[in-house]
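A.B. asks: File follows, start31.cif with mmCIF, N, CA and C atoms:
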data_protein
loop_
_atom_site.label_atom_id
_atom_site.label_comp_id
_atom_site.auth_asym_id
_atom_site.auth_seq_id
_atom_site.Cartn_x
_atom_site.Cartn_y
_atom_site.Cartn_z
N MET A 16 140.80 135.00 129.07
CA MET A 16 141.15 136.22 129.73
C MET A 16 140.71 137.39 128.87
N ASN A 17 140.22 138.41 129.52
CA ASN A 17 139.65 139.53 128.80
C ASN A 17 140.33 140.82 129.20
N TYR A 18 141.43 141.15 128.53
CA TYR A 18 142.14 142.40 128.79
C TYR A 18 141.84 143.35 127.65
N ILE A 19 141.25 144.47 127.98
CA ILE A 19 140.89 145.44 126.96
C ILE A 19 141.75 146.67 127.17
N GLN A 20 142.52 147.02 126.17
CA GLN A 20 143.33 148.23 126.26
C GLN A 20 142.59 149.34 125.55
N LYS A 21 142.38 150.44 126.26
CA LYS A 21 141.69 151.59 125.70
C LYS A 21 142.69 152.47 124.97
N SER A 22 142.16 153.38 124.17
CA SER A 22 143.04 154.33 123.49
C SER A 22 143.73 155.20 124.53
N SER A 23 144.82 155.84 124.14
CA SER A 23 145.66 156.58 125.09
C SER A 23 144.89 157.65 125.85
N GLY A 24 143.83 158.21 125.31
CA GLY A 24 143.08 159.24 126.01
C GLY A 24 142.01 158.69 126.93
N ASP A 25 141.90 157.36 127.03
CA ASP A 25 140.80 156.74 127.78
C ASP A 25 141.31 155.95 128.98
N PHE A 26 142.37 156.44 129.63
CA PHE A 26 142.92 155.75 130.79
C PHE A 26 142.12 156.09 132.05
N ASN A 27 142.59 155.57 133.19
CA ASN A 27 141.96 155.81 134.48
C ASN A 27 140.58 155.17 134.56
N LEU A 28 140.49 153.91 134.20
CA LEU A 28 139.25 153.17 134.32
C LEU A 28 139.04 152.82 135.79
N LYS A 29 137.83 153.00 136.25
CA LYS A 29 137.51 152.89 137.68
C LYS A 29 136.68 151.65 137.98
N THR A 30 136.87 151.13 139.19
CA THR A 30 135.99 150.09 139.69
C THR A 30 134.80 150.77 140.37
N THR A 31 133.68 150.07 140.40
CA THR A 31 132.43 150.61 140.93
C THR A 31 132.07 149.91 142.25
N LYS A 32 130.99 150.36 142.86
CA LYS A 32 130.48 149.70 144.06
C LYS A 32 130.10 148.25 143.72
N LYS A 33 129.53 148.04 142.54
CA LYS A 33 129.18 146.67 142.10
C LYS A 33 130.44 145.80 142.03
N HIS A 34 131.52 146.32 141.50
CA HIS A 34 132.78 145.58 141.45
C HIS A 34 133.26 145.25 142.87
N PHE A 35 133.19 146.26 143.75
CA PHE A 35 133.64 146.04 145.13
C PHE A 35 132.78 145.00 145.83
N ASP A 36 131.47 145.03 145.62
CA ASP A 36 130.58 144.02 146.22
C ASP A 36 130.95 142.62 145.73
N LEU A 37 131.27 142.50 144.44
CA LEU A 37 131.70 141.20 143.89
C LEU A 37 133.04 140.79 144.49
N PHE A 38 133.97 141.72 144.61
CA PHE A 38 135.28 141.44 145.21
C PHE A 38 135.10 140.90 146.63
N ARG A 39 134.26 141.55 147.41
CA ARG A 39 134.00 141.13 148.79
C ARG A 39 133.32 139.76 148.83
N LYS A 40 132.36 139.54 147.93
CA LYS A 40 131.65 138.25 147.88
C LYS A 40 132.61 137.12 147.50
N GLU A 41 133.40 137.34 146.45
CA GLU A 41 134.34 136.31 146.00
C GLU A 41 135.43 136.07 147.05
N GLY A 42 135.94 137.13 147.64
CA GLY A 42 136.94 136.98 148.69
C GLY A 42 136.40 136.17 149.86
N SER A 43 135.19 136.47 150.28
CA SER A 43 134.56 135.75 151.40
C SER A 43 134.37 134.27 151.06
N TYR A 44 134.00 133.99 149.81
CA TYR A 44 133.86 132.60 149.37
C TYR A 44 135.19 131.85 149.50
N TRP A 45 136.27 132.45 148.99
CA TRP A 45 137.56 131.77 149.00
C TRP A 45 138.17 131.69 150.39
N LEU A 46 137.86 132.63 151.26
CA LEU A 46 138.36 132.54 152.64
C LEU A 46 137.83 131.29 153.31
N VAL A 47 136.56 130.99 153.08
CA VAL A 47 135.97 129.77 153.64
C VAL A 47 136.52 128.55 152.93
N ARG A 48 136.53 128.59 151.61
CA ARG A 48 136.98 127.44 150.80
C ARG A 48 138.43 127.05 151.09
N LEU A 49 139.27 128.05 151.35
CA LEU A 49 140.69 127.79 151.65
C LEU A 49 140.94 127.65 153.15
N ASN A 50 139.87 127.66 153.92
CA ASN A 50 139.93 127.47 155.38
C ASN A 50 140.81 128.52 156.06
N LEU A 51 140.62 129.77 155.69
CA LEU A 51 141.39 130.87 156.25
C LEU A 51 140.51 131.62 157.26
N ARG A 52 140.23 130.96 158.37
CA ARG A 52 139.28 131.51 159.33
C ARG A 52 139.94 132.00 160.62
N ASP A 53 141.26 132.03 160.66
CA ASP A 53 141.97 132.41 161.89
C ASP A 53 142.19 133.91 162.03
N TYR A 54 141.68 134.69 161.10
CA TYR A 54 141.92 136.12 161.09
C TYR A 54 140.60 136.88 161.09
N ASP A 55 140.68 138.17 161.43
CA ASP A 55 139.58 139.09 161.18
C ASP A 55 139.84 139.70 159.81
N PHE A 56 138.79 139.87 159.03
CA PHE A 56 138.95 140.35 157.66
C PHE A 56 138.23 141.67 157.46
N ILE A 57 138.90 142.56 156.75
CA ILE A 57 138.36 143.86 156.39
C ILE A 57 138.53 144.01 154.88
N PHE A 58 137.51 144.52 154.22
CA PHE A 58 137.58 144.79 152.79
C PHE A 58 137.43 146.30 152.60
N VAL A 59 138.33 146.88 151.79
CA VAL A 59 138.27 148.32 151.50
C VAL A 59 138.36 148.55 150.00
N HIS A 60 137.82 149.69 149.58
CA HIS A 60 137.78 150.05 148.17
C HIS A 60 138.44 151.42 148.02
N VAL A 61 139.77 151.42 147.93
CA VAL A 61 140.54 152.67 147.88
C VAL A 61 141.80 152.48 147.05
N ASP A 62 142.35 153.59 146.61
CA ASP A 62 143.67 153.59 146.00
C ASP A 62 144.68 153.97 147.07
N LEU A 63 145.82 153.35 147.03
CA LEU A 63 146.91 153.71 147.93
C LEU A 63 148.02 154.33 147.11
N GLU A 64 148.58 155.41 147.60
CA GLU A 64 149.63 156.12 146.87
C GLU A 64 150.84 155.24 146.58
N ASP A 65 151.20 154.38 147.52
CA ASP A 65 152.42 153.59 147.36
C ASP A 65 152.19 152.23 146.70
N ARG A 66 151.01 152.01 146.14
CA ARG A 66 150.72 150.73 145.49
C ARG A 66 150.32 150.95 144.05
N ASN A 67 150.79 150.07 143.20
CA ASN A 67 150.41 150.10 141.80
C ASN A 67 149.85 148.72 141.48
N ALA A 68 148.66 148.45 142.01
CA ALA A 68 148.06 147.14 141.85
C ALA A 68 146.55 147.28 141.73
N ARG A 69 145.94 146.28 141.11
CA ARG A 69 144.47 146.27 141.01
C ARG A 69 143.84 145.90 142.35
N ALA A 70 144.53 145.05 143.08
CA ALA A 70 144.05 144.62 144.39
C ALA A 70 145.28 144.35 145.26
N TRP A 71 145.08 144.33 146.57
CA TRP A 71 146.21 144.13 147.48
C TRP A 71 145.69 143.57 148.80
N VAL A 72 146.64 143.09 149.58
CA VAL A 72 146.30 142.57 150.90
C VAL A 72 147.40 142.98 151.88
N ASP A 73 146.99 143.38 153.07
CA ASP A 73 147.92 143.63 154.18
C ASP A 73 147.57 142.65 155.28
N ILE A 74 148.60 142.02 155.85
CA ILE A 74 148.39 140.97 156.84
C ILE A 74 149.15 141.31 158.11
N SER A 75 148.46 141.26 159.23
CA SER A 75 149.09 141.43 160.53
C SER A 75 149.03 140.10 161.27
N LEU A 76 150.17 139.44 161.38
CA LEU A 76 150.20 138.16 162.10
C LEU A 76 149.92 138.36 163.58
N ASP A 77 150.48 139.42 164.15
CA ASP A 77 150.28 139.68 165.58
C ASP A 77 148.83 139.98 165.90
N GLY A 78 148.22 140.86 165.13
CA GLY A 78 146.83 141.25 165.39
C GLY A 78 145.81 140.31 164.79
N LYS A 79 146.29 139.36 163.95
CA LYS A 79 145.40 138.42 163.26
C LYS A 79 144.33 139.17 162.45
N VAL A 80 144.77 140.23 161.75
CA VAL A 80 143.86 141.03 160.93
C VAL A 80 144.38 141.06 159.49
N VAL A 81 143.48 140.85 158.57
CA VAL A 81 143.81 140.91 157.15
C VAL A 81 142.93 141.97 156.50
N THR A 82 143.57 142.89 155.78
CA THR A 82 142.84 143.91 155.04
C THR A 82 143.01 143.65 153.55
N PHE A 83 141.88 143.44 152.88
CA PHE A 83 141.87 143.26 151.43
C PHE A 83 141.48 144.59 150.81
N GLY A 84 142.20 144.99 149.77
CA GLY A 84 141.86 146.23 149.09
C GLY A 84 141.62 146.02 147.62
N LEU A 85 140.58 146.66 147.12
CA LEU A 85 140.33 146.72 145.69
C LEU A 85 140.61 148.15 145.26
N ALA A 86 141.52 148.30 144.32
CA ALA A 86 141.87 149.64 143.84
C ALA A 86 140.69 150.23 143.06
N GLU A 87 140.49 151.52 143.23
CA GLU A 87 139.45 152.22 142.47
C GLU A 87 139.92 152.47 141.04
N ASP A 88 141.17 152.82 140.88
CA ASP A 88 141.73 153.18 139.57
C ASP A 88 142.51 152.00 139.01
N TRP A 89 142.06 151.48 137.88
CA TRP A 89 142.74 150.35 137.25
C TRP A 89 143.57 150.79 136.06
N GLY A 90 143.84 152.08 135.96
CA GLY A 90 144.69 152.57 134.88
C GLY A 90 144.11 152.28 133.52
N TRP A 91 144.82 151.50 132.73
CA TRP A 91 144.40 151.20 131.36
C TRP A 91 143.51 149.96 131.27
N MET A 92 143.35 149.22 132.37
CA MET A 92 142.63 147.95 132.30
C MET A 92 141.15 148.11 132.66
N GLU A 93 140.31 147.54 131.84
CA GLU A 93 138.87 147.57 132.06
C GLU A 93 138.49 146.51 133.10
N PRO A 94 137.95 146.93 134.25
CA PRO A 94 137.54 145.92 135.25
C PRO A 94 136.30 145.16 134.75
N ASP A 95 136.30 143.85 134.94
CA ASP A 95 135.12 143.05 134.64
C ASP A 95 134.99 141.98 135.72
N ASP A 96 133.89 141.25 135.70
CA ASP A 96 133.61 140.28 136.77
C ASP A 96 134.71 139.24 136.90
N TYR A 97 135.21 138.75 135.76
CA TYR A 97 136.26 137.74 135.79
C TYR A 97 137.50 138.27 136.50
N LEU A 98 137.97 139.45 136.11
CA LEU A 98 139.19 140.00 136.71
C LEU A 98 139.00 140.36 138.18
N ILE A 99 137.82 140.83 138.53
CA ILE A 99 137.53 141.14 139.94
C ILE A 99 137.57 139.85 140.76
N ALA A 100 136.89 138.82 140.29
CA ALA A 100 136.85 137.54 141.00
C ALA A 100 138.25 136.92 141.10
N LYS A 101 139.00 136.99 140.01
CA LYS A 101 140.35 136.43 140.01
C LYS A 101 141.26 137.20 140.97
N SER A 102 141.09 138.50 141.04
CA SER A 102 141.87 139.32 141.97
C SER A 102 141.57 138.92 143.42
N ALA A 103 140.29 138.69 143.72
CA ALA A 103 139.92 138.26 145.07
C ALA A 103 140.55 136.91 145.40
N PHE A 104 140.50 135.98 144.45
CA PHE A 104 141.12 134.67 144.65
C PHE A 104 142.62 134.82 144.89
N HIS A 105 143.27 135.63 144.07
CA HIS A 105 144.71 135.84 144.18
C HIS A 105 145.08 136.34 145.58
N GLU A 106 144.33 137.33 146.07
CA GLU A 106 144.65 137.89 147.39
C GLU A 106 144.41 136.87 148.51
N CYS A 107 143.40 136.03 148.36
CA CYS A 107 143.18 134.97 149.35
C CYS A 107 144.33 133.97 149.35
N CYS A 108 144.86 133.66 148.17
CA CYS A 108 146.04 132.79 148.08
C CYS A 108 147.25 133.44 148.75
N GLU A 109 147.36 134.76 148.63
CA GLU A 109 148.44 135.48 149.32
C GLU A 109 148.34 135.25 150.82
N VAL A 110 147.13 135.30 151.35
CA VAL A 110 146.93 135.06 152.79
C VAL A 110 147.32 133.63 153.14
N MET A 111 146.87 132.69 152.32
CA MET A 111 147.15 131.27 152.59
C MET A 111 148.65 131.00 152.66
N LEU A 112 149.43 131.69 151.82
CA LEU A 112 150.86 131.42 151.74
C LEU A 112 151.71 132.40 152.56
N TYR A 113 151.08 133.32 153.26
CA TYR A 113 151.83 134.40 153.91
C TYR A 113 152.81 133.90 154.98
N LYS A 114 152.36 133.01 155.85
CA LYS A 114 153.27 132.53 156.91
C LYS A 114 154.49 131.84 156.31
N LEU A 115 154.28 131.05 155.31
CA LEU A 115 155.39 130.38 154.63
C LEU A 115 156.34 131.42 154.04
N HIS A 116 155.79 132.40 153.35
CA HIS A 116 156.58 133.48 152.77
C HIS A 116 157.35 134.22 153.86
N HIS A 117 156.66 134.57 154.92
CA HIS A 117 157.26 135.33 156.02
C HIS A 117 158.48 134.60 156.61
N HIS A 118 158.35 133.32 156.84
CA HIS A 118 159.44 132.56 157.45
C HIS A 118 160.57 132.23 156.47
N LEU A 119 160.22 131.99 155.22
CA LEU A 119 161.26 131.68 154.22
C LEU A 119 162.18 132.87 153.95
N THR A 120 161.67 134.09 154.15
CA THR A 120 162.53 135.26 153.91
C THR A 120 163.63 135.38 154.96
N ASN A 121 163.57 134.57 156.00
CA ASN A 121 164.69 134.51 156.96
C ASN A 121 165.89 133.77 156.36
N PHE A 122 165.64 132.97 155.33
CA PHE A 122 166.69 132.14 154.75
C PHE A 122 167.01 132.48 153.29
N TYR A 123 166.03 133.04 152.59
CA TYR A 123 166.19 133.36 151.17
C TYR A 123 165.83 134.83 150.93
N SER A 124 166.23 135.36 149.81
CA SER A 124 165.93 136.75 149.50
C SER A 124 164.42 136.95 149.32
N TYR A 125 163.97 138.15 149.65
CA TYR A 125 162.56 138.49 149.48
C TYR A 125 162.13 138.26 148.03
N LYS A 126 162.96 138.70 147.09
CA LYS A 126 162.63 138.57 145.67
C LYS A 126 162.44 137.11 145.27
N PHE A 127 163.33 136.23 145.72
CA PHE A 127 163.22 134.81 145.39
C PHE A 127 161.94 134.21 145.97
N VAL A 128 161.67 134.50 147.23
CA VAL A 128 160.48 133.95 147.88
C VAL A 128 159.21 134.50 147.22
N ASP A 129 159.21 135.79 146.89
CA ASP A 129 158.07 136.42 146.23
C ASP A 129 157.80 135.76 144.88
N GLU A 130 158.84 135.51 144.11
CA GLU A 130 158.68 134.85 142.81
C GLU A 130 158.12 133.44 142.96
N MET A 131 158.63 132.70 143.93
CA MET A 131 158.15 131.33 144.15
C MET A 131 156.69 131.34 144.63
N ARG A 132 156.34 132.27 145.52
CA ARG A 132 154.97 132.38 146.01
C ARG A 132 154.03 132.67 144.84
N HIS A 133 154.42 133.58 143.97
CA HIS A 133 153.56 133.91 142.85
C HIS A 133 153.49 132.78 141.81
N GLU A 134 154.52 131.99 141.73
CA GLU A 134 154.46 130.82 140.86
C GLU A 134 153.39 129.84 141.35
N VAL A 135 153.34 129.63 142.66
CA VAL A 135 152.31 128.77 143.24
C VAL A 135 150.93 129.38 143.01
N ILE A 136 150.80 130.68 143.23
CA ILE A 136 149.51 131.34 143.06
C ILE A 136 149.04 131.25 141.60
N ARG A 137 149.94 131.46 140.67
CA ARG A 137 149.57 131.35 139.25
C ARG A 137 149.10 129.93 138.92
N THR A 138 149.74 128.93 139.50
CA THR A 138 149.30 127.55 139.28
C THR A 138 147.89 127.35 139.82
N LEU A 139 147.63 127.87 141.02
CA LEU A 139 146.29 127.77 141.61
C LEU A 139 145.27 128.54 140.77
N GLU A 140 145.66 129.69 140.24
CA GLU A 140 144.75 130.46 139.38
C GLU A 140 144.39 129.67 138.12
N HIS A 141 145.39 129.04 137.51
CA HIS A 141 145.17 128.32 136.26
C HIS A 141 144.43 127.00 136.45
N THR A 142 144.40 126.51 137.65
CA THR A 142 143.72 125.24 137.90
C THR A 142 142.46 125.47 138.73
N MET A 143 142.63 125.71 139.99
CA MET A 143 141.50 125.82 140.92
C MET A 143 140.54 126.95 140.55
N PHE A 144 141.07 128.16 140.30
CA PHE A 144 140.18 129.28 139.99
C PHE A 144 139.51 129.10 138.64
N GLU A 145 140.27 128.72 137.63
CA GLU A 145 139.68 128.58 136.29
C GLU A 145 138.57 127.53 136.28
N ASP A 146 138.78 126.40 136.97
CA ASP A 146 137.74 125.38 137.06
C ASP A 146 136.49 125.94 137.73
N TYR A 147 136.69 126.68 138.82
CA TYR A 147 135.59 127.31 139.53
C TYR A 147 134.85 128.28 138.61
N TRP A 148 135.58 129.13 137.90
CA TRP A 148 134.96 130.15 137.06
C TRP A 148 134.17 129.52 135.91
N VAL A 149 134.74 128.52 135.27
CA VAL A 149 134.04 127.84 134.17
C VAL A 149 132.76 127.20 134.70
N SER A 150 132.84 126.56 135.85
CA SER A 150 131.67 125.94 136.45
C SER A 150 130.60 127.00 136.80
N LYS A 151 131.05 128.12 137.31
CA LYS A 151 130.14 129.20 137.67
C LYS A 151 129.42 129.74 136.43
N ILE A 152 130.14 129.93 135.34
CA ILE A 152 129.55 130.42 134.09
C ILE A 152 128.55 129.41 133.55
N LYS A 153 128.92 128.13 133.57
CA LYS A 153 128.01 127.08 133.07
C LYS A 153 126.73 127.04 133.91
N THR A 154 126.87 127.22 135.23
CA THR A 154 125.70 127.22 136.12
C THR A 154 124.80 128.41 135.80
N LYS A 155 125.39 129.59 135.57
CA LYS A 155 124.58 130.77 135.21
C LYS A 155 123.85 130.56 133.90
N LYS A 156 124.50 129.96 132.91
CA LYS A 156 123.86 129.73 131.62
C LYS A 156 122.74 128.71 131.75
N GLY A 157 122.91 127.72 132.62
CA GLY A 157 121.88 126.69 132.82
C GLY A 157 120.64 127.23 133.51
N LYS A 158 120.77 128.32 134.26
CA LYS A 158 119.63 128.90 134.97
C LYS A 158 118.78 129.80 134.09
N LYS A 159 119.30 130.17 132.93
CA LYS A 159 118.54 131.09 132.06
C LYS A 159 117.48 130.39 131.27
#
Go through the file and emit its structure as structure tokens.
C.D. replies:
Amino acid sequence: MNYIQKSSGDFNLKTTKKHFDLFRKEGSYWLVRLNLRDYDFIFVHVDLEDRNARAWVDISLDGKVVTFGLAEDWGWMEPDDYLIAKSAFHECCEVMLYKLHHHLTNFYSYKFVDEMRHEVIRTLEHTMFEDYWVSKIKTKKGKK
């Protein structure tokens, strides 16, 4: 993992069009890989006032529309290919688990369900995504 903290005067690190293109490419890959084809998908590159996240997803079960967002402002964190790709994977996992999350909140607190959902996502990140990323890096090195 590559987290770079800048000095206090060097905050407000921004994502670029290149980052957004990678986010969209990686998200599209995982949508197919996780068989999430029942929705229409939209990718946007904006900051939302009410969100404090590097990336986010909004899901409409009724409209069958999913909007993926990549934040422009990453605050103190330096965006890189690994973090962009991992963010796309994370948001696709959110979509995969959304119906389960939505229905479980009828029986359990939102906080409890949210914590359990993220525990599953972290497990998938540490296994499925990391294996994919290592394989991708090895493939790039082999092509040089």
A.B. asks: Please identify the strand (DSSP E) residues within chain A (assignment by DSSP from backbone atoms) and present them as a PyMOL selection string.
C.D. replies: chain A and resi 55-60+70-75+80-85
A.B. asks: List, as a PyMOL selection string, every residue that the PyMOL selection byres (((chain A and resi 111 and name CA) around 12) and name CA) selects in the file provided.
C.D. replies: chain A and resi 45-54+72+74+81+104-110+112-117+132-133+135-136+139
A.B. asks: Using only C-alpha atoms, which of the listed residues (A:Tyr97, A:Trp91, A:Phe56, A:Tyr44) sits closest to A:Glu145?
C.D. replies: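 Answer, going by the shortest atom-to-atom distance: A:Tyr97.
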A.B. asks: Can you tell me how far atom CA of A:Asp129 sits from atom CA of A:Asp36, in Å to one decimal?
C.D. replies: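 Between atom CA of A:Asp129 and atom CA of A:Asp36 the gap works out to 28.5 Å.
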A.B. asks: Looking at A:Tyr147, A:Lys126, A:Asp88, A:Thr154, which one is nearest to A:Thr31, with distances taken over only N, CA and C atoms?
C.D. replies: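 Under the stated criterion, the closest residue is A:Asp88.
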A.B. asks: Could you check the closest approach to A:Val80 for each of A:Met143, A:Ala103, A:Ile57, A:Leu28 and tell me which residue wins, using only N, CA and C atoms?
C.D. replies: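 When distances to A:Val80 are compared using only N, CA and C atoms, the smallest one comes from A:Ile57.
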A.B. asks: Work out how far apart atom CA of A:Asp77 and atom N of A:Leu119 are and give it in Å to one decimal.
C.D. replies: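 Computing the Euclidean distance for atom CA of A:Asp77 and atom N of A:Leu119 yields 16.3 Å.
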A.B. asks: Which parts of chain A does DSSP call helix (DSSP H, G or I) when run on the backbone here, written out as a PyMOL selection string?
C.D. replies: chain A and resi 32-48+96-119+125-158
A.B. asks: Convert the output of the PyMOL selection byres ((chain A and resi 71) around 7) on the shown file into explicit residues, formatted as a list in words.
C.D. replies: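 When the PyMOL selection byres ((chain A and resi 71) around 7) is applied to the shown file, the picked residues are Ala68, Arg69, Ala70, Val72, Asp73, Thr82, Phe83, Gly84, Leu85, Ala86 and Glu106 of chain A.
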A.B. asks: Quick one: pull the distance between atom N of A:Lys101 and atom CA of A:Phe58, Å, one decimal.
C.D. replies: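 Result for atom N of A:Lys101 versus atom CA of A:Phe58: 15.0 Å, one decimal.
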